[in-house]
Amino acid sequence: MNVGDLVKVKTKHYGDKFGVIVDIDKECGIRIHPKNHPRSILADPKDITWYGKIKSAVNNMKLV
């Protein structure tokens with residue numbers, strides 16, 4: 001997984017969310033910008049499912 005990849009993350013209160021990886025920090029986890037939620041998600045790598053690379057801007061979220 002790299003910055004800019006499309007992923008699905010399992011959250012505790014909101015269920016599964018699709019988003020884009022914004023930052024990868026080995027100490028804190030992986031920061032994800034979800035498509036339909038205003039706040040960023042800080043997730044553990046085991047809670048993330050990788051779906052692919054994004055071709056265009058974050059708002060469009062089209063797979064390569």
# chains A, B, ... in the order shown; residues from 1 in each chain; ligands from 1
>>> residues_around(residues="range 44-46 of chain A", least_positions_apart="6", cutoff="9 Å", atoms="only C-alpha atoms", output="PDB file with N, CA and C atoms, in the first residue's frame")
ATOM      1  N   VAL A   9     -11.693   0.552   4.793  1.00  0.00           N
ATOM      2  CA  VAL A   9     -11.267   0.416   6.183  1.00  0.00           C
ATOM      3  C   VAL A   9     -12.481   0.080   7.055  1.00  0.00           C
ATOM      4  N   CYS A  28       1.950   5.612  14.390  1.00  0.00           N
ATOM      5  CA  CYS A  28       0.524   5.894  14.618  1.00  0.00           C
ATOM      6  C   CYS A  28      -0.414   5.020  13.797  1.00  0.00           C
ATOM      7  N   GLY A  29      -0.055   4.712  12.578  1.00  0.00           N
ATOM      8  CA  GLY A  29      -0.922   3.939  11.702  1.00  0.00           C
ATOM      9  C   GLY A  29      -1.048   4.588  10.346  1.00  0.00           C
ATOM     10  N   ILE A  30      -2.099   4.281   9.632  1.00  0.00           N
ATOM     11  CA  ILE A  30      -2.321   4.792   8.287  1.00  0.00           C
ATOM     12  C   ILE A  30      -3.486   5.767   8.314  1.00  0.00           C
TER      13      ILE A  30
END
>>> select_by_dssp(residues="chain A", states="strand (DSSP E or B)", output="ChimeraX atom specification")
/A:5-11,15-25,29-34,41-43,48-54,63
>>> residues_around(residues="Asp47 in chain A", least_positions_apart="5", cutoff="10 Å", atoms="only C-alpha atoms", output="ChimeraX atom specification")
/A:8-11,16
>>> residues_around(residues="Ile21 in chain A", least_positions_apart="6", cutoff="6 Å", atoms="only C-alpha atoms", output="MDAnalysis selection string")
chainID A and resid 3:5 32
>>> closest_residue(among="A:Ser40, A:Pro34, A:Lys26, A:Trp50", to="Val7 in chain A", atoms="only C-alpha atoms")
A:Trp50
>>> closest_residue(among="A:Ile24, A:Met1, A:His37, A:Lys12", to="Thr49 in chain A", atoms="only C-alpha atoms")
A:Met1
